[in-house]
$ cat model03.pdb   # PDB, N, CA and C atoms and all ligand atoms
ATOM      1  N   MET A 749      15.158  -8.971 -14.535
ATOM      2  CA  MET A 749      15.385  -9.569 -15.850
ATOM      3  C   MET A 749      14.216  -9.288 -16.789
ATOM      4  N   LEU A 750      12.983  -9.298 -16.217
ATOM      5  CA  LEU A 750      11.810  -9.037 -17.055
ATOM      6  C   LEU A 750      11.826  -7.612 -17.604
ATOM      7  N   LEU A 751      12.415  -6.689 -16.829
ATOM      8  CA  LEU A 751      12.550  -5.308 -17.315
ATOM      9  C   LEU A 751      13.760  -5.166 -18.241
ATOM     10  N   ALA A 752      14.881  -5.828 -17.852
ATOM     11  CA  ALA A 752      16.136  -5.665 -18.595
ATOM     12  C   ALA A 752      16.010  -6.212 -20.022
ATOM     13  N   VAL A 753      15.275  -7.332 -20.209
ATOM     14  CA  VAL A 753      15.193  -7.956 -21.548
ATOM     15  C   VAL A 753      14.569  -6.989 -22.568
ATOM     16  N   PRO A 754      13.366  -6.449 -22.323
ATOM     17  CA  PRO A 754      12.825  -5.521 -23.325
ATOM     18  C   PRO A 754      13.640  -4.231 -23.467
ATOM     19  N   ILE A 755      14.228  -3.729 -22.343
ATOM     20  CA  ILE A 755      15.044  -2.509 -22.452
ATOM     21  C   ILE A 755      16.262  -2.774 -23.356
ATOM     22  N   LEU A 756      16.930  -3.932 -23.147
ATOM     23  CA  LEU A 756      18.088  -4.264 -23.988
ATOM     24  C   LEU A 756      17.668  -4.519 -25.438
ATOM     25  N   GLY A 757      16.464  -5.065 -25.638
ATOM     26  CA  GLY A 757      15.962  -5.272 -27.005
ATOM     27  C   GLY A 757      15.778  -3.940 -27.715
ATOM     28  N   ILE A 758      15.203  -2.972 -26.986
ATOM     29  CA  ILE A 758      14.989  -1.641 -27.577
ATOM     30  C   ILE A 758      16.337  -0.976 -27.863
ATOM     31  N   LEU A 759      17.287  -1.100 -26.906
ATOM     32  CA  LEU A 759      18.621  -0.504 -27.118
ATOM     33  C   LEU A 759      19.329  -1.157 -28.313
ATOM     34  N   THR A 760      19.155  -2.486 -28.465
ATOM     35  CA  THR A 760      19.751  -3.173 -29.627
ATOM     36  C   THR A 760      19.224  -2.576 -30.918
ATOM     37  N   GLN A 761      17.908  -2.421 -30.964
ATOM     38  CA  GLN A 761      17.257  -1.869 -32.157
ATOM     39  C   GLN A 761      17.822  -0.473 -32.469
ATOM     40  N   PHE A 762      17.912   0.377 -31.436
ATOM     41  CA  PHE A 762      18.415   1.741 -31.632
ATOM     42  C   PHE A 762      19.889   1.743 -32.017
ATOM     43  N   MET A 763      20.699   0.867 -31.367
ATOM     44  CA  MET A 763      22.134   0.830 -31.659
ATOM     45  C   MET A 763      22.412   0.333 -33.077
ATOM     46  N   ARG A 764      21.441  -0.388 -33.658
ATOM     47  CA  ARG A 764      21.572  -0.798 -35.060
ATOM     48  C   ARG A 764      21.243   0.361 -35.994
ATOM     49  N   GLY A 765      20.714   1.464 -35.382
ATOM     50  CA  GLY A 765      20.303   2.614 -36.190
ATOM     51  C   GLY A 765      18.895   2.457 -36.729
ATOM     52  N   HIS A 766      18.160   1.449 -36.214
ATOM     53  CA  HIS A 766      16.802   1.206 -36.697
ATOM     54  C   HIS A 766      15.787   1.920 -35.813
ATOM     55  N   PRO A 767      14.647   2.331 -36.381
ATOM     56  CA  PRO A 767      13.590   2.915 -35.542
ATOM     57  C   PRO A 767      12.861   1.816 -34.783
ATOM     58  N   LEU A 768      12.149   2.200 -33.717
ATOM     59  CA  LEU A 768      11.365   1.239 -32.928
ATOM     60  C   LEU A 768       9.912   1.299 -33.402
ATOM     61  N   PRO A 769       9.417   0.223 -34.053
ATOM     62  CA  PRO A 769       8.021   0.244 -34.506
ATOM     63  C   PRO A 769       7.068   0.021 -33.338
ATOM     64  N   ILE A 770       5.989   0.785 -33.275
ATOM     65  CA  ILE A 770       5.002   0.637 -32.198
ATOM     66  C   ILE A 770       3.724   0.051 -32.812
ATOM     67  N   PHE A 771       3.626  -1.294 -32.710
ATOM     68  CA  PHE A 771       2.458  -2.047 -33.204
ATOM     69  C   PHE A 771       2.085  -1.652 -34.635
ATOM     70  N   GLY A 772       3.050  -1.298 -35.453
ATOM     71  CA  GLY A 772       2.775  -0.951 -36.847
ATOM     72  C   GLY A 772       2.055   0.374 -37.025
ATOM     73  N   LEU A 773       1.816   1.099 -35.917
ATOM     74  CA  LEU A 773       1.061   2.364 -36.005
ATOM     75  C   LEU A 773       1.973   3.535 -36.328
ATOM     76  N   PHE A 774       3.116   3.591 -35.635
ATOM     77  CA  PHE A 774       4.105   4.645 -35.882
ATOM     78  C   PHE A 774       5.467   4.136 -35.411
ATOM     79  N   GLU A 775       6.488   4.932 -35.659
ATOM     80  CA  GLU A 775       7.845   4.505 -35.291
ATOM     81  C   GLU A 775       8.524   5.591 -34.471
ATOM     82  N   ILE A 776       9.386   5.159 -33.539
ATOM     83  CA  ILE A 776      10.211   6.105 -32.785
ATOM     84  C   ILE A 776      11.618   6.014 -33.379
ATOM     85  N   ALA A 777      12.098   7.135 -33.923
ATOM     86  CA  ALA A 777      13.427   7.144 -34.546
ATOM     87  C   ALA A 777      14.495   6.910 -33.474
ATOM     88  N   SER A 778      15.603   6.294 -33.871
ATOM     89  CA  SER A 778      16.678   6.038 -32.901
ATOM     90  C   SER A 778      17.295   7.352 -32.421
ATOM     91  N   PRO A 779      17.339   7.556 -31.075
ATOM     92  CA  PRO A 779      17.990   8.771 -30.566
ATOM     93  C   PRO A 779      19.498   8.571 -30.397
ATOM     94  N   LEU A 780      20.017   7.357 -30.722
ATOM     95  CA  LEU A 780      21.429   7.035 -30.479
ATOM     96  C   LEU A 780      22.162   6.924 -31.815
ATOM     97  N   SER A 781      23.464   7.182 -31.785
ATOM     98  CA  SER A 781      24.221   6.983 -33.024
ATOM     99  C   SER A 781      24.556   5.495 -33.137
ATOM    100  N   ALA A 782      24.402   4.965 -34.354
ATOM    101  CA  ALA A 782      24.523   3.521 -34.568
ATOM    102  C   ALA A 782      25.934   3.031 -34.257
ATOM    103  N   ASP A 783      25.999   1.843 -33.640
ATOM    104  CA  ASP A 783      27.280   1.190 -33.350
ATOM    105  C   ASP A 783      27.011  -0.313 -33.466
ATOM    106  N   ARG A 784      27.373  -0.879 -34.644
ATOM    107  CA  ARG A 784      27.015  -2.274 -34.935
ATOM    108  C   ARG A 784      27.640  -3.243 -33.932
ATOM    109  N   SER A 785      28.876  -2.942 -33.523
ATOM    110  CA  SER A 785      29.555  -3.879 -32.623
ATOM    111  C   SER A 785      28.907  -3.865 -31.230
ATOM    112  N   LEU A 786      28.568  -2.653 -30.733
ATOM    113  CA  LEU A 786      27.872  -2.573 -29.437
ATOM    114  C   LEU A 786      26.484  -3.212 -29.556
ATOM    115  N   ALA A 787      25.818  -3.005 -30.719
ATOM    116  CA  ALA A 787      24.493  -3.599 -30.925
ATOM    117  C   ALA A 787      24.570  -5.125 -30.828
ATOM    118  N   ARG A 788      25.661  -5.703 -31.396
ATOM    119  CA  ARG A 788      25.804  -7.166 -31.358
ATOM    120  C   ARG A 788      25.961  -7.647 -29.907
ATOM    121  N   SER A 789      26.764  -6.908 -29.119
ATOM    122  CA  SER A 789      26.956  -7.296 -27.709
ATOM    123  C   SER A 789      25.638  -7.168 -26.941
ATOM    124  N   LEU A 790      24.908  -6.072 -27.185
ATOM    125  CA  LEU A 790      23.626  -5.877 -26.486
ATOM    126  C   LEU A 790      22.658  -7.002 -26.840
ATOM    127  N   LYS A 791      22.651  -7.393 -28.149
ATOM    128  CA  LYS A 791      21.750  -8.469 -28.573
ATOM    129  C   LYS A 791      22.120  -9.783 -27.884
ATOM    130  N   ASP A 792      23.433 -10.022 -27.736
ATOM    131  CA  ASP A 792      23.864 -11.251 -27.052
ATOM    132  C   ASP A 792      23.351 -11.262 -25.610
ATOM    133  N   VAL A 793      23.548 -10.134 -24.875
ATOM    134  CA  VAL A 793      23.114 -10.092 -23.471
ATOM    135  C   VAL A 793      21.585 -10.210 -23.405
ATOM    136  N   HIS A 794      20.896  -9.524 -24.354
ATOM    137  CA  HIS A 794      19.436  -9.617 -24.455
ATOM    138  C   HIS A 794      18.999 -11.084 -24.580
ATOM    139  N   GLY A 795      19.665 -11.817 -25.479
ATOM    140  CA  GLY A 795      19.324 -13.232 -25.683
ATOM    141  C   GLY A 795      19.639 -14.084 -24.462
ATOM    142  N   TRP A 796      20.803 -13.827 -23.813
ATOM    143  CA  TRP A 796      21.175 -14.625 -22.628
ATOM    144  C   TRP A 796      20.172 -14.396 -21.497
ATOM    145  N   LEU A 797      19.812 -13.114 -21.272
ATOM    146  CA  LEU A 797      18.861 -12.835 -20.183
ATOM    147  C   LEU A 797      17.488 -13.438 -20.488
ATOM    148  N   ALA A 798      17.080 -13.384 -21.776
ATOM    149  CA  ALA A 798      15.794 -13.996 -22.152
ATOM    150  C   ALA A 798      15.835 -15.501 -21.867
ATOM    151  N   ASP A 799      16.961 -16.159 -22.208
ATOM    152  CA  ASP A 799      17.115 -17.590 -21.896
ATOM    153  C   ASP A 799      17.076 -17.799 -20.377
ATOM    154  N   GLY A 800      17.727 -16.870 -19.632
ATOM    155  CA  GLY A 800      17.749 -16.956 -18.169
ATOM    156  C   GLY A 800      16.356 -16.913 -17.572
ATOM    157  N   VAL A 801      15.486 -16.056 -18.132
ATOM    158  CA  VAL A 801      14.101 -15.976 -17.633
ATOM    159  C   VAL A 801      13.422 -17.342 -17.800
ATOM    160  N   LEU A 802      13.625 -17.962 -18.982
ATOM    161  CA  LEU A 802      12.989 -19.274 -19.227
ATOM    162  C   LEU A 802      13.537 -20.340 -18.273
ATOM    163  N   ILE A 803      14.863 -20.317 -18.046
ATOM    164  CA  ILE A 803      15.480 -21.313 -17.157
ATOM    165  C   ILE A 803      14.951 -21.133 -15.732
ATOM    166  N   LEU A 804      14.910 -19.862 -15.255
ATOM    167  CA  LEU A 804      14.409 -19.613 -13.891
ATOM    168  C   LEU A 804      12.936 -20.018 -13.768
ATOM    169  N   ALA A 805      12.136 -19.739 -14.812
ATOM    170  CA  ALA A 805      10.716 -20.121 -14.758
ATOM    171  C   ALA A 805      10.589 -21.645 -14.668
ATOM    172  N   ALA A 806      11.443 -22.371 -15.431
ATOM    173  CA  ALA A 806      11.389 -23.837 -15.398
ATOM    174  C   ALA A 806      11.811 -24.357 -14.022
ATOM    175  N   LEU A 807      12.887 -23.760 -13.432
ATOM    176  CA  LEU A 807      13.329 -24.181 -12.098
ATOM    177  C   LEU A 807      12.246 -23.896 -11.058
ATOM    178  N   HIS A 808      11.606 -22.735 -11.215
ATOM    179  CA  HIS A 808      10.539 -22.339 -10.294
ATOM    180  C   HIS A 808       9.385 -23.359 -10.337
ATOM    181  N   ALA A 809       9.002 -23.748 -11.565
ATOM    182  CA  ALA A 809       7.916 -24.719 -11.722
ATOM    183  C   ALA A 809       8.337 -26.080 -11.155
ATOM    184  N   ALA A 810       9.600 -26.486 -11.418
ATOM    185  CA  ALA A 810      10.082 -27.783 -10.911
ATOM    186  C   ALA A 810      10.092 -27.776  -9.378
ATOM    187  N   ALA A 811      10.533 -26.646  -8.780
ATOM    188  CA  ALA A 811      10.571 -26.559  -7.316
ATOM    189  C   ALA A 811       9.156 -26.637  -6.742
ATOM    190  N   ALA A 812       8.201 -26.004  -7.421
ATOM    191  CA  ALA A 812       6.815 -26.037  -6.938
ATOM    192  C   ALA A 812       6.284 -27.478  -6.951
ATOM    193  N   ILE A 813       6.602 -28.217  -8.038
ATOM    194  CA  ILE A 813       6.141 -29.607  -8.142
ATOM    195  C   ILE A 813       6.829 -30.478  -7.082
ATOM    196  N   LEU A 814       8.150 -30.236  -6.869
ATOM    197  CA  LEU A 814       8.889 -30.967  -5.828
ATOM    198  C   LEU A 814       8.248 -30.751  -4.452
ATOM    199  N   HIS A 815       7.923 -29.486  -4.158
ATOM    200  CA  HIS A 815       7.277 -29.200  -2.871
ATOM    201  C   HIS A 815       5.964 -29.967  -2.744
ATOM    202  N   HIS A 816       5.203 -30.008  -3.860
ATOM    203  CA  HIS A 816       3.880 -30.613  -3.796
ATOM    204  C   HIS A 816       3.934 -32.131  -3.670
ATOM    205  N   TRP A 817       4.772 -32.774  -4.533
ATOM    206  CA  TRP A 817       4.751 -34.238  -4.612
ATOM    207  C   TRP A 817       5.764 -34.917  -3.707
ATOM    208  N   VAL A 818       6.888 -34.258  -3.415
ATOM    209  CA  VAL A 818       7.940 -34.907  -2.610
ATOM    210  C   VAL A 818       7.881 -34.426  -1.167
ATOM    211  N   LEU A 819       7.933 -33.118  -0.968
ATOM    212  CA  LEU A 819       7.930 -32.590   0.402
ATOM    213  C   LEU A 819       6.511 -32.556   0.981
ATOM    214  N   ARG A 820       5.539 -32.628   0.100
ATOM    215  CA  ARG A 820       4.125 -32.668   0.489
ATOM    216  C   ARG A 820       3.751 -31.525   1.441
ATOM    217  N   ASP A 821       4.202 -30.304   1.069
ATOM    218  CA  ASP A 821       3.790 -29.146   1.866
ATOM    219  C   ASP A 821       2.803 -28.289   1.056
ATOM    220  N   ASN A 822       2.499 -27.110   1.590
ATOM    221  CA  ASN A 822       1.430 -26.305   0.985
ATOM    222  C   ASN A 822       1.910 -25.253  -0.003
ATOM    223  N   THR A 823       3.207 -25.329  -0.406
ATOM    224  CA  THR A 823       3.768 -24.255  -1.240
ATOM    225  C   THR A 823       2.964 -24.058  -2.532
ATOM    226  N   LEU A 824       2.709 -25.141  -3.269
ATOM    227  CA  LEU A 824       1.995 -25.003  -4.547
ATOM    228  C   LEU A 824       0.575 -24.503  -4.316
ATOM    229  N   ARG A 825      -0.063 -24.984  -3.251
ATOM    230  CA  ARG A 825      -1.430 -24.524  -2.967
ATOM    231  C   ARG A 825      -1.445 -23.028  -2.693
ATOM    232  N   ARG A 826      -0.381 -22.540  -1.971
ATOM    233  CA  ARG A 826      -0.316 -21.102  -1.680
ATOM    234  C   ARG A 826      -0.107 -20.296  -2.957
ATOM    235  N   MET A 827       0.546 -20.941  -3.978
ATOM    236  CA  MET A 827       0.763 -20.238  -5.251
ATOM    237  C   MET A 827      -0.489 -20.259  -6.111
ATOM    238  N   LEU A 828      -1.399 -21.186  -5.870
ATOM    239  CA  LEU A 828      -2.630 -21.308  -6.660
ATOM    240  C   LEU A 828      -3.813 -21.128  -5.713
ATOM    241  N   PRO A 829      -4.214 -19.887  -5.445
ATOM    242  CA  PRO A 829      -5.243 -19.638  -4.438
ATOM    243  C   PRO A 829      -6.522 -20.444  -4.674
ATOM    244  N   ILE A 830      -6.789 -20.833  -5.942
ATOM    245  CA  ILE A 830      -8.005 -21.581  -6.251
ATOM    246  C   ILE A 830      -7.993 -22.964  -5.580
ATOM    247  N   LEU A 831      -6.765 -23.485  -5.244
ATOM    248  CA  LEU A 831      -6.641 -24.808  -4.609
ATOM    249  C   LEU A 831      -6.615 -24.737  -3.083
ATOM    250  N   ARG A 832      -6.635 -23.510  -2.537
ATOM    251  CA  ARG A 832      -6.515 -23.387  -1.066
ATOM    252  C   ARG A 832      -7.657 -24.071  -0.351
TER
HETATM  253  C1  LIG A 901       9.926 -10.142 -23.130
HETATM  254  C2  LIG A 901      10.474  -9.535 -24.164
HETATM  255  C3  LIG A 901      11.505 -10.134 -25.097
HETATM  256  C4  LIG A 901      12.060 -11.390 -25.156
HETATM  257  C5  LIG A 901      11.764 -12.604 -24.259
HETATM  258  C6  LIG A 901      13.005 -11.384 -26.243
HETATM  259  C7  LIG A 901      13.791 -12.457 -26.645
HETATM  260  C8  LIG A 901      14.692 -12.441 -27.673
HETATM  261  C9  LIG A 901      15.537 -13.540 -28.060
HETATM  262  C10 LIG A 901      15.589 -14.925 -27.393
HETATM  263  C11 LIG A 901      16.281 -13.133 -29.109
HETATM  264  C12 LIG A 901      17.323 -13.962 -29.865
HETATM  265  C13 LIG A 901      18.685 -13.583 -29.306
HETATM  266  C14 LIG A 901      19.826 -14.209 -30.068
HETATM  267  O1  LIG A 901      19.673 -14.535 -31.256
HETATM  268  O2  LIG A 901      20.921 -14.349 -29.485
HETATM  269  C15 LIG A 901      15.915 -11.771 -29.411
HETATM  270  C16 LIG A 901      16.465 -11.022 -30.416
HETATM  271  C17 LIG A 901      16.166  -9.705 -30.637
HETATM  272  N1  LIG A 901      15.275  -8.928 -29.952
HETATM  273 FE1  LIG A 901      14.162  -9.532 -28.391
HETATM  274  N2  LIG A 901      12.997 -10.138 -26.823
HETATM  275  C18 LIG A 901      12.098  -9.357 -26.149
HETATM  276  C19 LIG A 901      11.781  -8.038 -26.387
HETATM  277  C20 LIG A 901      12.343  -7.268 -27.383
HETATM  278  C21 LIG A 901      11.992  -5.886 -27.640
HETATM  279  C22 LIG A 901      10.938  -5.049 -26.883
HETATM  280  C23 LIG A 901      12.759  -5.481 -28.682
HETATM  281  C24 LIG A 901      12.706  -4.128 -29.315
HETATM  282  C25 LIG A 901      12.559  -3.961 -30.593
HETATM  283  C26 LIG A 901      13.589  -6.606 -29.071
HETATM  284  C27 LIG A 901      14.541  -6.592 -30.097
HETATM  285  C28 LIG A 901      15.289  -7.655 -30.486
HETATM  286  C29 LIG A 901      16.240  -7.609 -31.578
HETATM  287  C30 LIG A 901      16.550  -6.381 -32.460
HETATM  288  C31 LIG A 901      16.783  -8.897 -31.676
HETATM  289  C32 LIG A 901      17.809  -9.393 -32.682
HETATM  290  C33 LIG A 901      17.048 -10.052 -33.843
HETATM  291  C34 LIG A 901      18.034 -10.369 -34.956
HETATM  292  O3  LIG A 901      18.998 -11.107 -34.722
HETATM  293  O4  LIG A 901      17.836  -9.810 -36.047
HETATM  294  N3  LIG A 901      13.305  -7.672 -28.251
HETATM  295  N4  LIG A 901      14.945 -11.384 -28.524
END

$ encode --input "model03.pdb" --output "structure tokens" --more "lines below"
Ligand code: HEM
Amino acid sequence: MLLAVPILGILTQFMRGHPLPIFGLFEIASPLSADRSLARSLKDVHGWLADGVLILAALHAAAAILHHWVLRDNTLRRMLPILR
């Protein structure tokens, strides 16, 4: 998902017929022919996957806290080597 989100973002930009700006230094022209309807679908999937990353990160953090405070095992400590 971490790879798919930026790739779909770049494809959305190109499918809109827009160039890809690189930190304001230069631009990469779109190598694809514009298709507004496909661009809209790509943007939707891009947004859903980006939301998915946030949801999974929140579940991951909640599970780590559950392990630490409820199950009282070493999972969180293993994730934070400084606490080992
Ligand atoms: C970690 C990387 C990224 C995250 C988390 C992210 C997240 C998002 C989110 C949440 C939206 C709103 C989606 C919606 O309105 O349904 C969005 C829109 C968009 N993103 Fe990204 N994005 C990322 C990288 C990129 C990259 C590298 C590009 C390339 C240019 C890009 C291009 C776009 C475009 C064109 C839109 C639509 C904006 C509009 O509606 O005008 N994104 N992005």

$ axis_aligned_box --input "model03.pdb" --around "ligand LIG 901 (chain A)" --padding-each-side "6 Å" --output "lines of an AutoDock Vina configuration file"
center_x = 15.4
center_y = -9.4
center_z = -29.6
size_x = 23.0
size_y = 23.0
size_z = 24.9

$ residues_around --input "model03.pdb" --residues "Thr760 in chain A" --least-positions-apart "4" --cutoff "6.5 Å" --atoms "all atoms listed in the file" --output "list in words"
Ile755, Leu756, Arg764, Gly765, Ala787, Leu790 and Lys791 of chain A

$ residues_near_ligand --input "model03.pdb" --ligand "ligand LIG 901 (chain A)" --cutoff "8 Å" --atoms "all atoms listed in the file" --output "PDB file with N, CA and C atoms, keeping the file's coordinate frame"
ATOM      1  N   MET A 749      15.158  -8.971 -14.535  1.00  0.00           N
ATOM      2  CA  MET A 749      15.385  -9.569 -15.850  1.00  0.00           C
ATOM      3  C   MET A 749      14.216  -9.288 -16.789  1.00  0.00           C
ATOM      4  N   LEU A 750      12.983  -9.298 -16.217  1.00  0.00           N
ATOM      5  CA  LEU A 750      11.810  -9.037 -17.055  1.00  0.00           C
ATOM      6  C   LEU A 750      11.826  -7.612 -17.604  1.00  0.00           C
ATOM      7  N   LEU A 751      12.415  -6.689 -16.829  1.00  0.00           N
ATOM      8  CA  LEU A 751      12.550  -5.308 -17.315  1.00  0.00           C
ATOM      9  C   LEU A 751      13.760  -5.166 -18.241  1.00  0.00           C
ATOM     10  N   ALA A 752      14.881  -5.828 -17.852  1.00  0.00           N
ATOM     11  CA  ALA A 752      16.136  -5.665 -18.595  1.00  0.00           C
ATOM     12  C   ALA A 752      16.010  -6.212 -20.022  1.00  0.00           C
ATOM     13  N   VAL A 753      15.275  -7.332 -20.209  1.00  0.00           N
ATOM     14  CA  VAL A 753      15.193  -7.956 -21.548  1.00  0.00           C
ATOM     15  C   VAL A 753      14.569  -6.989 -22.568  1.00  0.00           C
ATOM     16  N   PRO A 754      13.366  -6.449 -22.323  1.00  0.00           N
ATOM     17  CA  PRO A 754      12.825  -5.521 -23.325  1.00  0.00           C
ATOM     18  C   PRO A 754      13.640  -4.231 -23.467  1.00  0.00           C
ATOM     19  N   ILE A 755      14.228  -3.729 -22.343  1.00  0.00           N
ATOM     20  CA  ILE A 755      15.044  -2.509 -22.452  1.00  0.00           C
ATOM     21  C   ILE A 755      16.262  -2.774 -23.356  1.00  0.00           C
ATOM     22  N   LEU A 756      16.930  -3.932 -23.147  1.00  0.00           N
ATOM     23  CA  LEU A 756      18.088  -4.264 -23.988  1.00  0.00           C
ATOM     24  C   LEU A 756      17.668  -4.519 -25.438  1.00  0.00           C
ATOM     25  N   GLY A 757      16.464  -5.065 -25.638  1.00  0.00           N
ATOM     26  CA  GLY A 757      15.962  -5.272 -27.005  1.00  0.00           C
ATOM     27  C   GLY A 757      15.778  -3.940 -27.715  1.00  0.00           C
ATOM     28  N   ILE A 758      15.203  -2.972 -26.986  1.00  0.00           N
ATOM     29  CA  ILE A 758      14.989  -1.641 -27.577  1.00  0.00           C
ATOM     30  C   ILE A 758      16.337  -0.976 -27.863  1.00  0.00           C
ATOM     31  N   LEU A 759      17.287  -1.100 -26.906  1.00  0.00           N
ATOM     32  CA  LEU A 759      18.621  -0.504 -27.118  1.00  0.00           C
ATOM     33  C   LEU A 759      19.329  -1.157 -28.313  1.00  0.00           C
ATOM     34  N   THR A 760      19.155  -2.486 -28.465  1.00  0.00           N
ATOM     35  CA  THR A 760      19.751  -3.173 -29.627  1.00  0.00           C
ATOM     36  C   THR A 760      19.224  -2.576 -30.918  1.00  0.00           C
ATOM     37  N   GLN A 761      17.908  -2.421 -30.964  1.00  0.00           N
ATOM     38  CA  GLN A 761      17.257  -1.869 -32.157  1.00  0.00           C
ATOM     39  C   GLN A 761      17.822  -0.473 -32.469  1.00  0.00           C
ATOM     40  N   PHE A 762      17.912   0.377 -31.436  1.00  0.00           N
ATOM     41  CA  PHE A 762      18.415   1.741 -31.632  1.00  0.00           C
ATOM     42  C   PHE A 762      19.889   1.743 -32.017  1.00  0.00           C
ATOM     43  N   ARG A 764      21.441  -0.388 -33.658  1.00  0.00           N
ATOM     44  CA  ARG A 764      21.572  -0.798 -35.060  1.00  0.00           C
ATOM     45  C   ARG A 764      21.243   0.361 -35.994  1.00  0.00           C
ATOM     46  N   PRO A 767      14.647   2.331 -36.381  1.00  0.00           N
ATOM     47  CA  PRO A 767      13.590   2.915 -35.542  1.00  0.00           C
ATOM     48  C   PRO A 767      12.861   1.816 -34.783  1.00  0.00           C
ATOM     49  N   LEU A 768      12.149   2.200 -33.717  1.00  0.00           N
ATOM     50  CA  LEU A 768      11.365   1.239 -32.928  1.00  0.00           C
ATOM     51  C   LEU A 768       9.912   1.299 -33.402  1.00  0.00           C
ATOM     52  N   PRO A 769       9.417   0.223 -34.053  1.00  0.00           N
ATOM     53  CA  PRO A 769       8.021   0.244 -34.506  1.00  0.00           C
ATOM     54  C   PRO A 769       7.068   0.021 -33.338  1.00  0.00           C
ATOM     55  N   LEU A 790      24.908  -6.072 -27.185  1.00  0.00           N
ATOM     56  CA  LEU A 790      23.626  -5.877 -26.486  1.00  0.00           C
ATOM     57  C   LEU A 790      22.658  -7.002 -26.840  1.00  0.00           C
ATOM     58  N   LYS A 791      22.651  -7.393 -28.149  1.00  0.00           N
ATOM     59  CA  LYS A 791      21.750  -8.469 -28.573  1.00  0.00           C
ATOM     60  C   LYS A 791      22.120  -9.783 -27.884  1.00  0.00           C
ATOM     61  N   ASP A 792      23.433 -10.022 -27.736  1.00  0.00           N
ATOM     62  CA  ASP A 792      23.864 -11.251 -27.052  1.00  0.00           C
ATOM     63  C   ASP A 792      23.351 -11.262 -25.610  1.00  0.00           C
ATOM     64  N   VAL A 793      23.548 -10.134 -24.875  1.00  0.00           N
ATOM     65  CA  VAL A 793      23.114 -10.092 -23.471  1.00  0.00           C
ATOM     66  C   VAL A 793      21.585 -10.210 -23.405  1.00  0.00           C
ATOM     67  N   HIS A 794      20.896  -9.524 -24.354  1.00  0.00           N
ATOM     68  CA  HIS A 794      19.436  -9.617 -24.455  1.00  0.00           C
ATOM     69  C   HIS A 794      18.999 -11.084 -24.580  1.00  0.00           C
ATOM     70  N   GLY A 795      19.665 -11.817 -25.479  1.00  0.00           N
ATOM     71  CA  GLY A 795      19.324 -13.232 -25.683  1.00  0.00           C
ATOM     72  C   GLY A 795      19.639 -14.084 -24.462  1.00  0.00           C
ATOM     73  N   TRP A 796      20.803 -13.827 -23.813  1.00  0.00           N
ATOM     74  CA  TRP A 796      21.175 -14.625 -22.628  1.00  0.00           C
ATOM     75  C   TRP A 796      20.172 -14.396 -21.497  1.00  0.00           C
ATOM     76  N   LEU A 797      19.812 -13.114 -21.272  1.00  0.00           N
ATOM     77  CA  LEU A 797      18.861 -12.835 -20.183  1.00  0.00           C
ATOM     78  C   LEU A 797      17.488 -13.438 -20.488  1.00  0.00           C
ATOM     79  N   ALA A 798      17.080 -13.384 -21.776  1.00  0.00           N
ATOM     80  CA  ALA A 798      15.794 -13.996 -22.152  1.00  0.00           C
ATOM     81  C   ALA A 798      15.835 -15.501 -21.867  1.00  0.00           C
ATOM     82  N   ASP A 799      16.961 -16.159 -22.208  1.00  0.00           N
ATOM     83  CA  ASP A 799      17.115 -17.590 -21.896  1.00  0.00           C
ATOM     84  C   ASP A 799      17.076 -17.799 -20.377  1.00  0.00           C
ATOM     85  N   VAL A 801      15.486 -16.056 -18.132  1.00  0.00           N
ATOM     86  CA  VAL A 801      14.101 -15.976 -17.633  1.00  0.00           C
ATOM     87  C   VAL A 801      13.422 -17.342 -17.800  1.00  0.00           C
ATOM     88  N   LEU A 802      13.625 -17.962 -18.982  1.00  0.00           N
ATOM     89  CA  LEU A 802      12.989 -19.274 -19.227  1.00  0.00           C
ATOM     90  C   LEU A 802      13.537 -20.340 -18.273  1.00  0.00           C
TER      91      LEU A 802
END

$ resolve_selection --input "model03.pdb" --expression "the PyMOL selection byres (((chain A and resi 777) around 6) and not hetatm)" --output "PyMOL selection string"
chain A and resi 766-768+775-776+778-779

$ closest_residue --input "model03.pdb" --among "A:Leu804, A:Leu773, A:Met763, A:Leu831" --to "Ser785 in chain A" --atoms "all atoms listed in the file"
A:Met763

$ atom_distance --input "model03.pdb" --atom1 "atom N of Ala812 in chain A" --atom2 "atom C of Pro829 in chain A"
16.0 Å

$ atom_distance --input "model03.pdb" --atom1 "atom C of Arg825 in chain A" --atom2 "CA of Gly800 in chain A"
25.4 Å

$ atom_distance --input "model03.pdb" --atom1 "atom N of Ile830 in chain A" --atom2 "atom C of Ile803 in chain A"
23.8 Å
